[in-house]
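*Asks:* Contents are compact mmCIF, C-alpha atoms; file name input_34.txt:
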```
# COMPACT_ATOMS: atom_id res chain seq x y z
CA ARG Y 5 -40.20 15.76 55.68
CA LYS Y 6 -38.76 18.93 54.13
CA GLU Y 7 -38.91 22.06 56.26
CA VAL Y 8 -40.63 23.97 53.48
CA GLU Y 9 -42.59 22.29 50.69
CA GLN Y 10 -43.98 23.76 47.53
CA ASP Y 11 -45.59 22.36 44.39
CA PRO Y 12 -42.89 22.92 41.76
CA GLY Y 13 -45.45 23.50 38.99
CA PRO Y 14 -45.27 24.82 36.38
CA PHE Y 15 -48.55 26.65 36.66
CA ASN Y 16 -49.50 27.76 33.16
CA VAL Y 17 -52.17 30.46 33.24
CA PRO Y 18 -53.51 32.95 30.70
CA GLU Y 19 -53.03 36.67 31.16
CA GLY Y 20 -55.65 38.13 33.44
CA ALA Y 21 -56.17 34.92 35.40
CA THR Y 22 -56.03 34.59 39.17
CA VAL Y 23 -53.57 32.03 40.46
CA ALA Y 24 -52.74 30.85 43.97
CA PHE Y 25 -49.81 28.94 45.40
CA ASN Y 26 -49.55 27.25 48.76
CA CYS Y 27 -46.50 26.39 50.77
CA THR Y 28 -46.45 24.12 53.82
CA TYR Y 29 -43.88 24.20 56.58
CA SER Y 30 -43.02 21.62 59.20
CA ASN Y 31 -41.60 23.74 62.04
CA SER Y 32 -44.52 25.03 64.08
CA ALA Y 33 -42.17 27.44 65.86
CA SER Y 34 -41.42 29.29 62.65
CA GLN Y 35 -41.20 32.99 63.28
CA SER Y 36 -41.50 34.86 60.01
CA PHE Y 37 -42.50 34.12 56.46
CA PHE Y 38 -41.78 35.67 53.11
CA TRP Y 39 -42.35 35.23 49.41
CA TYR Y 40 -39.38 35.78 47.12
CA ARG Y 41 -39.45 35.89 43.35
CA GLN Y 42 -36.70 34.48 41.15
CA ASP Y 43 -36.54 35.10 37.43
CA CYS Y 44 -34.74 32.63 35.19
CA ARG Y 45 -30.97 32.79 35.76
CA LYS Y 46 -31.33 35.73 38.14
CA GLU Y 47 -31.06 36.24 41.87
CA PRO Y 48 -34.05 35.89 44.23
CA LYS Y 49 -35.73 39.16 45.25
CA LEU Y 50 -38.09 39.81 48.10
CA LEU Y 51 -41.68 40.03 46.87
CA MET Y 52 -43.45 40.49 50.19
CA SER Y 53 -43.43 39.54 53.83
CA VAL Y 54 -46.34 37.49 55.16
CA TYR Y 55 -48.12 38.77 58.25
CA SER Y 56 -50.41 36.80 60.54
CA SER Y 57 -53.40 38.93 59.61
CA GLY Y 58 -52.73 38.57 55.90
CA ASN Y 59 -51.48 41.38 53.72
CA GLU Y 60 -51.94 42.76 50.26
CA ASP Y 61 -49.64 44.59 47.89
CA GLY Y 62 -51.37 45.58 44.71
CA ARG Y 63 -52.37 42.43 42.85
CA PHE Y 64 -50.58 40.20 45.37
CA THR Y 65 -52.14 38.85 48.57
CA ALA Y 66 -50.28 36.76 51.12
CA GLN Y 67 -51.93 34.71 53.87
CA LEU Y 68 -50.61 32.75 56.83
CA ASN Y 69 -52.46 29.84 58.41
CA ARG Y 70 -50.56 28.82 61.53
CA ALA Y 71 -53.05 26.13 62.54
CA SER Y 72 -52.55 24.24 59.29
CA GLN Y 73 -48.97 25.42 58.87
CA TYR Y 74 -49.14 26.88 55.41
CA ILE Y 75 -48.76 30.20 53.68
CA SER Y 76 -50.30 31.21 50.41
CA LEU Y 77 -49.75 33.72 47.64
CA LEU Y 78 -52.60 34.91 45.44
CA ILE Y 79 -51.92 36.81 42.24
CA ARG Y 80 -54.83 38.57 40.60
CA ASP Y 81 -55.00 39.78 37.00
CA SER Y 82 -51.80 37.94 36.03
CA LYS Y 83 -49.38 39.73 33.74
CA LEU Y 84 -46.80 38.23 31.40
CA SER Y 85 -44.17 39.83 33.60
CA ASP Y 86 -45.35 37.75 36.57
CA SER Y 87 -43.75 34.69 34.94
CA ALA Y 88 -41.09 33.58 37.40
CA THR Y 89 -40.40 31.11 40.19
CA TYR Y 90 -41.96 32.01 43.53
CA LEU Y 91 -39.98 30.91 46.58
CA CYS Y 92 -41.61 30.37 49.94
CA VAL Y 93 -39.24 31.35 52.75
CA MET Y 94 -39.45 30.99 56.50
CA LEU Y 95 -37.35 32.00 59.45
CA PRO Y 96 -37.46 29.47 62.28
CA THR Y 97 -37.36 30.85 65.81
CA GLY Y 98 -33.95 31.34 67.34
CA THR Y 99 -31.92 30.35 64.33
CA ALA Y 100 -29.88 33.51 63.97
CA SER Y 101 -30.78 34.65 60.53
CA LYS Y 102 -31.17 31.21 58.99
CA LEU Y 103 -33.81 31.78 56.34
CA THR Y 104 -35.04 28.49 54.89
CA PHE Y 105 -36.11 28.47 51.25
CA GLY Y 106 -38.57 26.23 49.47
CA THR Y 107 -37.63 24.96 46.02
CA GLY Y 108 -40.11 27.29 44.40
CA THR Y 109 -43.24 27.18 42.27
CA ARG Y 110 -42.82 28.10 38.65
CA LEU Y 111 -45.47 30.34 37.10
CA GLN Y 112 -45.80 30.83 33.35
CA VAL Y 113 -48.30 33.45 32.22
CA THR Y 114 -49.25 33.20 28.57
CA LEU Y 115 -51.12 35.34 26.05
CA ASP S 1 -25.24 51.34 41.69
CA THR S 2 -24.83 47.68 42.41
CA ALA S 3 -25.90 46.86 45.97
CA VAL S 4 -24.42 43.36 46.28
CA SER S 5 -21.82 42.49 43.70
CA GLN S 6 -20.03 39.22 43.29
CA THR S 7 -17.31 38.15 40.91
CA PRO S 8 -16.83 36.31 38.73
CA LYS S 9 -20.26 35.77 37.17
CA TYR S 10 -19.16 32.55 35.49
CA LEU S 11 -16.42 30.19 36.58
CA VAL S 12 -15.46 27.07 34.67
CA THR S 13 -12.65 25.00 36.12
CA GLN S 14 -11.32 21.48 36.39
CA MET S 15 -11.63 19.07 39.27
CA GLY S 16 -8.96 19.47 41.87
CA ASN S 17 -8.40 23.18 41.31
CA ASP S 18 -8.75 25.90 43.99
CA LYS S 19 -10.91 28.93 43.23
CA SER S 20 -12.29 32.00 44.98
CA ILE S 21 -15.48 34.00 44.61
CA LYS S 22 -15.60 37.56 45.90
CA CYS S 23 -18.56 39.48 47.27
CA GLU S 24 -18.98 43.09 48.27
CA GLN S 25 -22.02 45.03 49.46
CA ASN S 26 -22.40 48.81 49.63
CA LEU S 27 -25.66 48.81 51.59
CA GLY S 28 -24.03 49.22 54.98
CA HIS S 29 -25.52 45.89 56.10
CA ASP S 30 -23.93 44.04 59.01
CA THR S 31 -24.74 40.48 57.94
CA MET S 32 -23.58 38.63 54.86
CA TYR S 33 -24.28 35.14 53.57
CA TRP S 34 -23.30 32.53 51.06
CA TYR S 35 -26.06 30.40 49.55
CA LYS S 36 -25.75 27.50 47.11
CA GLN S 37 -28.43 26.78 44.52
CA ASP S 38 -28.10 23.37 42.93
CA SER S 39 -29.47 22.03 39.65
CA LYS S 40 -32.82 21.31 41.31
CA LYS S 41 -33.06 25.01 42.24
CA PHE S 42 -32.83 24.26 45.95
CA LEU S 43 -31.33 27.31 47.67
CA LYS S 44 -29.43 26.35 50.81
CA ILE S 45 -27.50 28.50 53.24
CA MET S 46 -23.81 27.72 53.65
CA PHE S 47 -22.40 30.47 55.85
CA SER S 48 -23.42 33.67 57.53
CA TYR S 49 -21.23 36.40 58.99
CA ASN S 50 -22.34 39.21 61.25
CA ASN S 51 -19.84 42.06 61.59
CA LYS S 52 -17.03 39.80 60.40
CA GLU S 53 -17.95 37.03 62.85
CA LEU S 54 -19.08 33.63 61.66
CA ILE S 55 -22.59 32.96 63.01
CA ILE S 56 -23.86 30.20 60.75
CA ASN S 57 -21.77 27.37 59.42
CA GLU S 58 -23.92 24.67 57.90
CA THR S 59 -22.74 21.18 57.15
CA VAL S 60 -20.42 22.19 54.38
CA PRO S 61 -17.19 20.35 53.48
CA ASN S 62 -14.16 22.06 54.97
CA ARG S 63 -12.87 22.56 51.44
CA PHE S 64 -15.12 25.63 51.56
CA SER S 65 -13.63 28.47 53.58
CA PRO S 66 -15.33 31.84 53.89
CA LYS S 67 -13.36 34.95 54.79
CA SER S 68 -14.70 38.32 55.85
CA PRO S 69 -11.99 41.00 55.97
CA ASP S 70 -14.59 43.63 56.89
CA LYS S 71 -18.36 43.75 57.15
CA ALA S 72 -18.74 44.85 53.53
CA HIS S 73 -16.90 41.87 52.10
CA LEU S 74 -17.40 38.12 52.27
CA ASN S 75 -15.29 35.92 50.04
CA LEU S 76 -15.56 32.20 49.45
CA HIS S 77 -12.54 30.03 48.76
CA ILE S 78 -13.00 26.47 47.56
CA ASN S 79 -10.16 23.95 47.59
CA SER S 80 -9.91 20.75 45.58
CA LEU S 81 -13.04 21.37 43.54
CA GLU S 82 -15.30 18.38 42.84
CA LEU S 83 -17.95 17.76 40.19
CA GLY S 84 -20.67 18.04 42.83
CA ASP S 85 -19.62 21.60 43.60
CA SER S 86 -21.13 22.73 40.30
CA ALA S 87 -23.96 25.09 41.21
CA VAL S 88 -24.87 28.76 41.38
CA TYR S 89 -23.43 30.46 44.46
CA PHE S 90 -25.27 33.53 45.71
CA CYS S 91 -23.89 36.08 48.10
CA ALA S 92 -26.46 38.06 50.09
CA SER S 93 -26.62 40.69 52.78
CA SER S 94 -29.15 41.96 55.28
CA GLN S 95 -29.39 44.38 58.15
CA GLU S 96 -30.36 42.64 61.36
CA VAL S 97 -32.65 44.81 63.42
CA GLU S 98 -32.94 43.71 67.04
CA GLY S 99 -36.43 42.59 67.93
CA THR S 100 -37.58 42.09 64.36
CA TYR S 101 -37.11 39.32 61.91
CA ASN S 102 -38.24 40.95 58.73
CA SER S 103 -34.93 42.13 57.34
CA PRO S 104 -34.97 41.09 53.69
CA LEU S 105 -32.03 39.49 51.98
CA HIS S 106 -30.42 41.36 49.12
CA PHE S 107 -28.77 38.91 46.76
CA GLY S 108 -25.90 39.33 44.38
CA ASN S 109 -26.49 38.14 40.83
CA GLY S 110 -24.81 34.81 41.42
CA THR S 111 -21.67 32.98 40.32
CA ARG S 112 -22.32 30.02 38.07
CA LEU S 113 -19.61 27.49 38.88
CA THR S 114 -19.04 24.57 36.53
CA VAL S 115 -16.52 21.92 37.50
CA THR S 116 -15.40 19.64 34.68
```
Could I get this structure in the form of structure tokens?
*Replies:*
Amino acid sequence: RKEVEQDPGPFNVPEGATVAFNCTYSNSASQSFFWYRQDCRKEPKLLMSVYSSGNEDGRFTAQLNRASQYISLLIRDSKLSDSATYLCVMLPTGTASKLTFGTGTRLQVTL
Amino acid sequence: DTAVSQTPKYLVTQMGNDKSIKCEQNLGHDTMYWYKQDSKKFLKIMFSYNNKELIINETVPNRFSPKSPDKAHLNLHINSLELGDSAVYFCASSQEVEGTYNSPLHFGNGTRLTVT
């Protein structure tokens, strides 16, 4: 089983829609979680960290469910500029900076 | 002001050649990384250096040799290139803060290596 699993998509949604992605992880001792965004042929960039209590940043909401071992990202009021690949990332405990990336979920927002 | 810069951006070379990719960061970070992203978009860590010391060395062929002359630079030398080495190689840096694990990675814009 992969350490981090994501539905590759693509998720095709119209502008203004709400879309949610999930990401499951296998290591129950995982310490920290993040969502990164990667545009086509560009480098990944940190979108937001994921806190145990859930956190929101504008139109983006991240949740962590430790019992079921998944994290989620909710995007409200999708914009064309949200089109990208969203990478789920975790940091296992005691692994000295070894962030583990999922393969990403591709989002395409259309007119 | 480029935070993490790597060169070259594109590298096309033949099997068997030796090539190097350079990376520099001006963020004052103490940890630098090399990641490989293959054709399936899977981003996998190869090496990590903290203050010029190797701290992560994943199962990577020993044809790949990282070198960190100082904490702002981490270069990657690849000997005897093979077809399977074709990928995008990303350099990254972060500032490790003791007691926290939320230091984000800052990536360079990648080096697209094509081995023919």
*Asks:* Please identify all residues of chain Y having at least one atom at most 12 Å from any atom of chain S, considering all atoms listed in the file, and return them as a ChimeraX atom specification.
*Replies:* /Y:6-10,12,34-55,89-110
*Asks:* Any chance you can output those residues with C-alpha atoms as a PDB file, keeping the file's coordinate frame?
*Replies:*
```pdb
ATOM      1  CA  LYS Y   6     -38.760  18.930  54.130  1.00  0.00           C
ATOM      2  CA  GLU Y   7     -38.910  22.060  56.260  1.00  0.00           C
ATOM      3  CA  VAL Y   8     -40.630  23.970  53.480  1.00  0.00           C
ATOM      4  CA  GLU Y   9     -42.590  22.290  50.690  1.00  0.00           C
ATOM      5  CA  GLN Y  10     -43.980  23.760  47.530  1.00  0.00           C
ATOM      6  CA  PRO Y  12     -42.890  22.920  41.760  1.00  0.00           C
ATOM      7  CA  SER Y  34     -41.420  29.290  62.650  1.00  0.00           C
ATOM      8  CA  GLN Y  35     -41.200  32.990  63.280  1.00  0.00           C
ATOM      9  CA  SER Y  36     -41.500  34.860  60.010  1.00  0.00           C
ATOM     10  CA  PHE Y  37     -42.500  34.120  56.460  1.00  0.00           C
ATOM     11  CA  PHE Y  38     -41.780  35.670  53.110  1.00  0.00           C
ATOM     12  CA  TRP Y  39     -42.350  35.230  49.410  1.00  0.00           C
ATOM     13  CA  TYR Y  40     -39.380  35.780  47.120  1.00  0.00           C
ATOM     14  CA  ARG Y  41     -39.450  35.890  43.350  1.00  0.00           C
ATOM     15  CA  GLN Y  42     -36.700  34.480  41.150  1.00  0.00           C
ATOM     16  CA  ASP Y  43     -36.540  35.100  37.430  1.00  0.00           C
ATOM     17  CA  CYS Y  44     -34.740  32.630  35.190  1.00  0.00           C
ATOM     18  CA  ARG Y  45     -30.970  32.790  35.760  1.00  0.00           C
ATOM     19  CA  LYS Y  46     -31.330  35.730  38.140  1.00  0.00           C
ATOM     20  CA  GLU Y  47     -31.060  36.240  41.870  1.00  0.00           C
ATOM     21  CA  PRO Y  48     -34.050  35.890  44.230  1.00  0.00           C
ATOM     22  CA  LYS Y  49     -35.730  39.160  45.250  1.00  0.00           C
ATOM     23  CA  LEU Y  50     -38.090  39.810  48.100  1.00  0.00           C
ATOM     24  CA  LEU Y  51     -41.680  40.030  46.870  1.00  0.00           C
ATOM     25  CA  MET Y  52     -43.450  40.490  50.190  1.00  0.00           C
ATOM     26  CA  SER Y  53     -43.430  39.540  53.830  1.00  0.00           C
ATOM     27  CA  VAL Y  54     -46.340  37.490  55.160  1.00  0.00           C
ATOM     28  CA  TYR Y  55     -48.120  38.770  58.250  1.00  0.00           C
ATOM     29  CA  THR Y  89     -40.400  31.110  40.190  1.00  0.00           C
ATOM     30  CA  TYR Y  90     -41.960  32.010  43.530  1.00  0.00           C
ATOM     31  CA  LEU Y  91     -39.980  30.910  46.580  1.00  0.00           C
ATOM     32  CA  CYS Y  92     -41.610  30.370  49.940  1.00  0.00           C
ATOM     33  CA  VAL Y  93     -39.240  31.350  52.750  1.00  0.00           C
ATOM     34  CA  MET Y  94     -39.450  30.990  56.500  1.00  0.00           C
ATOM     35  CA  LEU Y  95     -37.350  32.000  59.450  1.00  0.00           C
ATOM     36  CA  PRO Y  96     -37.460  29.470  62.280  1.00  0.00           C
ATOM     37  CA  THR Y  97     -37.360  30.850  65.810  1.00  0.00           C
ATOM     38  CA  GLY Y  98     -33.950  31.340  67.340  1.00  0.00           C
ATOM     39  CA  THR Y  99     -31.920  30.350  64.330  1.00  0.00           C
ATOM     40  CA  ALA Y 100     -29.880  33.510  63.970  1.00  0.00           C
ATOM     41  CA  SER Y 101     -30.780  34.650  60.530  1.00  0.00           C
ATOM     42  CA  LYS Y 102     -31.170  31.210  58.990  1.00  0.00           C
ATOM     43  CA  LEU Y 103     -33.810  31.780  56.340  1.00  0.00           C
ATOM     44  CA  THR Y 104     -35.040  28.490  54.890  1.00  0.00           C
ATOM     45  CA  PHE Y 105     -36.110  28.470  51.250  1.00  0.00           C
ATOM     46  CA  GLY Y 106     -38.570  26.230  49.470  1.00  0.00           C
ATOM     47  CA  THR Y 107     -37.630  24.960  46.020  1.00  0.00           C
ATOM     48  CA  GLY Y 108     -40.110  27.290  44.400  1.00  0.00           C
ATOM     49  CA  THR Y 109     -43.240  27.180  42.270  1.00  0.00           C
ATOM     50  CA  ARG Y 110     -42.820  28.100  38.650  1.00  0.00           C
TER      51      ARG Y 110
END
```
*Asks:* Taking 2 positions as the minimum chain separation for residues in the same chain, which residues sit within 12 Å of region 59-61 of chain S when counting all atoms listed in the file? Answer as a PDB file with C-alpha atoms, in the coordinates of the input.
*Replies:*
```pdb
ATOM      1  CA  TRP S  34     -23.300  32.530  51.060  1.00  0.00           C
ATOM      2  CA  TYR S  35     -26.060  30.400  49.550  1.00  0.00           C
ATOM      3  CA  LYS S  36     -25.750  27.500  47.110  1.00  0.00           C
ATOM      4  CA  LYS S  44     -29.430  26.350  50.810  1.00  0.00           C
ATOM      5  CA  ILE S  45     -27.500  28.500  53.240  1.00  0.00           C
ATOM      6  CA  MET S  46     -23.810  27.720  53.650  1.00  0.00           C
ATOM      7  CA  PHE S  47     -22.400  30.470  55.850  1.00  0.00           C
ATOM      8  CA  ILE S  56     -23.860  30.200  60.750  1.00  0.00           C
ATOM      9  CA  ASN S  57     -21.770  27.370  59.420  1.00  0.00           C
ATOM     10  CA  ARG S  63     -12.870  22.560  51.440  1.00  0.00           C
ATOM     11  CA  PHE S  64     -15.120  25.630  51.560  1.00  0.00           C
ATOM     12  CA  SER S  65     -13.630  28.470  53.580  1.00  0.00           C
ATOM     13  CA  PRO S  66     -15.330  31.840  53.890  1.00  0.00           C
ATOM     14  CA  HIS S  77     -12.540  30.030  48.760  1.00  0.00           C
ATOM     15  CA  ILE S  78     -13.000  26.470  47.560  1.00  0.00           C
ATOM     16  CA  ASN S  79     -10.160  23.950  47.590  1.00  0.00           C
ATOM     17  CA  SER S  80      -9.910  20.750  45.580  1.00  0.00           C
ATOM     18  CA  LEU S  81     -13.040  21.370  43.540  1.00  0.00           C
ATOM     19  CA  GLU S  82     -15.300  18.380  42.840  1.00  0.00           C
ATOM     20  CA  GLY S  84     -20.670  18.040  42.830  1.00  0.00           C
ATOM     21  CA  ASP S  85     -19.620  21.600  43.600  1.00  0.00           C
TER      22      ASP S  85
END
```
*Asks:* Please determine, counting only C-alpha atoms, which residue among Y:Gln112, Y:Thr65, Y:Ser82, Y:Ser72 has the shortest atom-to-atom distance to Phe15 (chain Y).
*Replies:*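 Closest candidate: Y:Gln112.
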*Asks:* Enter the distance from CA of Ser68 (chain S) to CA of Gln95 (chain S), in Å, rounded to one decimal.
*Replies:*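 Going from CA of Ser68 (chain S) over to CA of Gln95 (chain S) covers 16.1 Å.
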*Asks:* Could you pull the residues within 7 Å of Tyr74 (chain Y), counting only C-alpha atoms, minus those fewer than 2 positions along the same chain, as a list in words?
*Replies:*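 Listing them by chain and then by number gives Asn26, Cys27, Thr28, Tyr29, Leu68, Asn69, Arg70, Ser72 and Ser76 of chain Y.
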*Asks:* Could you give me, as a VMD selection string, the residues within 12 Å of Ala21 (chain Y), counting all atoms listed in the file and dropping anything in the same chain fewer than 6 positions from it?
*Replies:* chain Y and resid 15 63 78 to 84 86 111 to 115
*Asks:* For the selection just defined, write its residues with C-alpha atoms to a file, as a JSON list (two decimals), in the coordinates of the input.
*Replies:*
```json
[["chain", "number", "residue", "atom", "x", "y", "z"],
["Y", 15, "PHE", "CA", -48.55, 26.65, 36.66],
["Y", 63, "ARG", "CA", -52.37, 42.43, 42.85],
["Y", 78, "LEU", "CA", -52.60, 34.91, 45.44],
["Y", 79, "ILE", "CA", -51.92, 36.81, 42.24],
["Y", 80, "ARG", "CA", -54.83, 38.57, 40.60],
["Y", 81, "ASP", "CA", -55.00, 39.78, 37.00],
["Y", 82, "SER", "CA", -51.80, 37.94, 36.03],
["Y", 83, "LYS", "CA", -49.38, 39.73, 33.74],
["Y", 84, "LEU", "CA", -46.80, 38.23, 31.40],
["Y", 86, "ASP", "CA", -45.35, 37.75, 36.57],
["Y", 111, "LEU", "CA", -45.47, 30.34, 37.10],
["Y", 112, "GLN", "CA", -45.80, 30.83, 33.35],
["Y", 113, "VAL", "CA", -48.30, 33.45, 32.22],
["Y", 114, "THR", "CA", -49.25, 33.20, 28.57],
["Y", 115, "LEU", "CA", -51.12, 35.34, 26.05]]
```
*Asks:* How about completing region 22-44 of chain S with N, CA and C atoms and giving it to me as an mmCIF file, in the coordinates of the input?
*Replies:*
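Output (rebuild37.cif):
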```
data_model
loop_
_atom_site.group_PDB
_atom_site.id
_atom_site.type_symbol
_atom_site.label_atom_id
_atom_site.label_comp_id
_atom_site.auth_asym_id
_atom_site.auth_seq_id
_atom_site.Cartn_x
_atom_site.Cartn_y
_atom_site.Cartn_z
ATOM 1 N N LYS S 22 -15.617 36.386 45.033
ATOM 2 C CA LYS S 22 -15.600 37.560 45.900
ATOM 3 C C LYS S 22 -16.988 38.198 45.969
ATOM 4 N N CYS S 23 -17.264 38.815 47.097
ATOM 5 C CA CYS S 23 -18.560 39.480 47.270
ATOM 6 C C CYS S 23 -18.365 40.761 48.055
ATOM 7 N N GLU S 24 -19.044 41.804 47.590
ATOM 8 C CA GLU S 24 -18.980 43.090 48.270
ATOM 9 C C GLU S 24 -20.379 43.700 48.297
ATOM 10 N N GLN S 25 -20.729 44.335 49.403
ATOM 11 C CA GLN S 25 -22.020 45.030 49.460
ATOM 12 C C GLN S 25 -21.796 46.474 49.912
ATOM 13 N N ASN S 26 -22.539 47.387 49.283
ATOM 14 C CA ASN S 26 -22.400 48.810 49.630
ATOM 15 C C ASN S 26 -23.662 49.343 50.291
ATOM 16 N N LEU S 27 -24.393 48.427 50.934
ATOM 17 C CA LEU S 27 -25.660 48.810 51.590
ATOM 18 C C LEU S 27 -25.474 49.168 53.054
ATOM 19 N N GLY S 28 -24.264 48.965 53.560
ATOM 20 C CA GLY S 28 -24.030 49.220 54.980
ATOM 21 C C GLY S 28 -24.607 48.143 55.879
ATOM 22 N N HIS S 29 -24.960 46.990 55.311
ATOM 23 C CA HIS S 29 -25.520 45.890 56.100
ATOM 24 C C HIS S 29 -24.438 45.266 56.991
ATOM 25 N N ASP S 30 -24.902 44.644 58.100
ATOM 26 C CA ASP S 30 -23.930 44.040 59.010
ATOM 27 C C ASP S 30 -23.870 42.518 58.892
ATOM 28 N N THR S 31 -24.725 41.928 58.065
ATOM 29 C CA THR S 31 -24.740 40.480 57.940
ATOM 30 C C THR S 31 -24.636 40.079 56.481
ATOM 31 N N MET S 32 -23.767 39.126 56.234
ATOM 32 C CA MET S 32 -23.580 38.630 54.860
ATOM 33 C C MET S 32 -23.645 37.120 54.849
ATOM 34 N N TYR S 33 -23.993 36.568 53.695
ATOM 35 C CA TYR S 33 -24.280 35.140 53.570
ATOM 36 C C TYR S 33 -23.707 34.581 52.274
ATOM 37 N N TRP S 34 -23.486 33.290 52.289
ATOM 38 C CA TRP S 34 -23.300 32.530 51.060
ATOM 39 C C TRP S 34 -24.387 31.461 50.991
ATOM 40 N N TYR S 35 -25.071 31.428 49.832
ATOM 41 C CA TYR S 35 -26.060 30.400 49.550
ATOM 42 C C TYR S 35 -25.622 29.614 48.319
ATOM 43 N N LYS S 36 -26.013 28.338 48.294
ATOM 44 C CA LYS S 36 -25.750 27.500 47.110
ATOM 45 C C LYS S 36 -27.083 27.069 46.518
ATOM 46 N N GLN S 37 -27.224 27.246 45.202
ATOM 47 C CA GLN S 37 -28.430 26.780 44.520
ATOM 48 C C GLN S 37 -28.033 25.704 43.518
ATOM 49 N N ASP S 38 -28.502 24.479 43.770
ATOM 50 C CA ASP S 38 -28.100 23.370 42.930
ATOM 51 C C ASP S 38 -28.977 23.251 41.681
ATOM 52 N N SER S 39 -28.768 22.194 40.937
ATOM 53 C CA SER S 39 -29.470 22.030 39.650
ATOM 54 C C SER S 39 -30.966 21.847 39.844
ATOM 55 N N LYS S 40 -31.386 21.438 41.032
ATOM 56 C CA LYS S 40 -32.820 21.310 41.310
ATOM 57 C C LYS S 40 -33.397 22.597 41.881
ATOM 58 N N LYS S 41 -32.629 23.669 41.822
ATOM 59 C CA LYS S 41 -33.060 25.010 42.240
ATOM 60 C C LYS S 41 -33.229 25.150 43.749
ATOM 61 N N PHE S 42 -32.714 24.172 44.500
ATOM 62 C CA PHE S 42 -32.830 24.260 45.950
ATOM 63 C C PHE S 42 -31.771 25.216 46.490
ATOM 64 N N LEU S 43 -32.220 26.269 47.169
ATOM 65 C CA LEU S 43 -31.330 27.310 47.670
ATOM 66 C C LEU S 43 -31.045 27.034 49.144
ATOM 67 N N LYS S 44 -29.767 26.771 49.449
ATOM 68 C CA LYS S 44 -29.430 26.350 50.810
ATOM 69 C C LYS S 44 -28.320 27.229 51.371
#
```
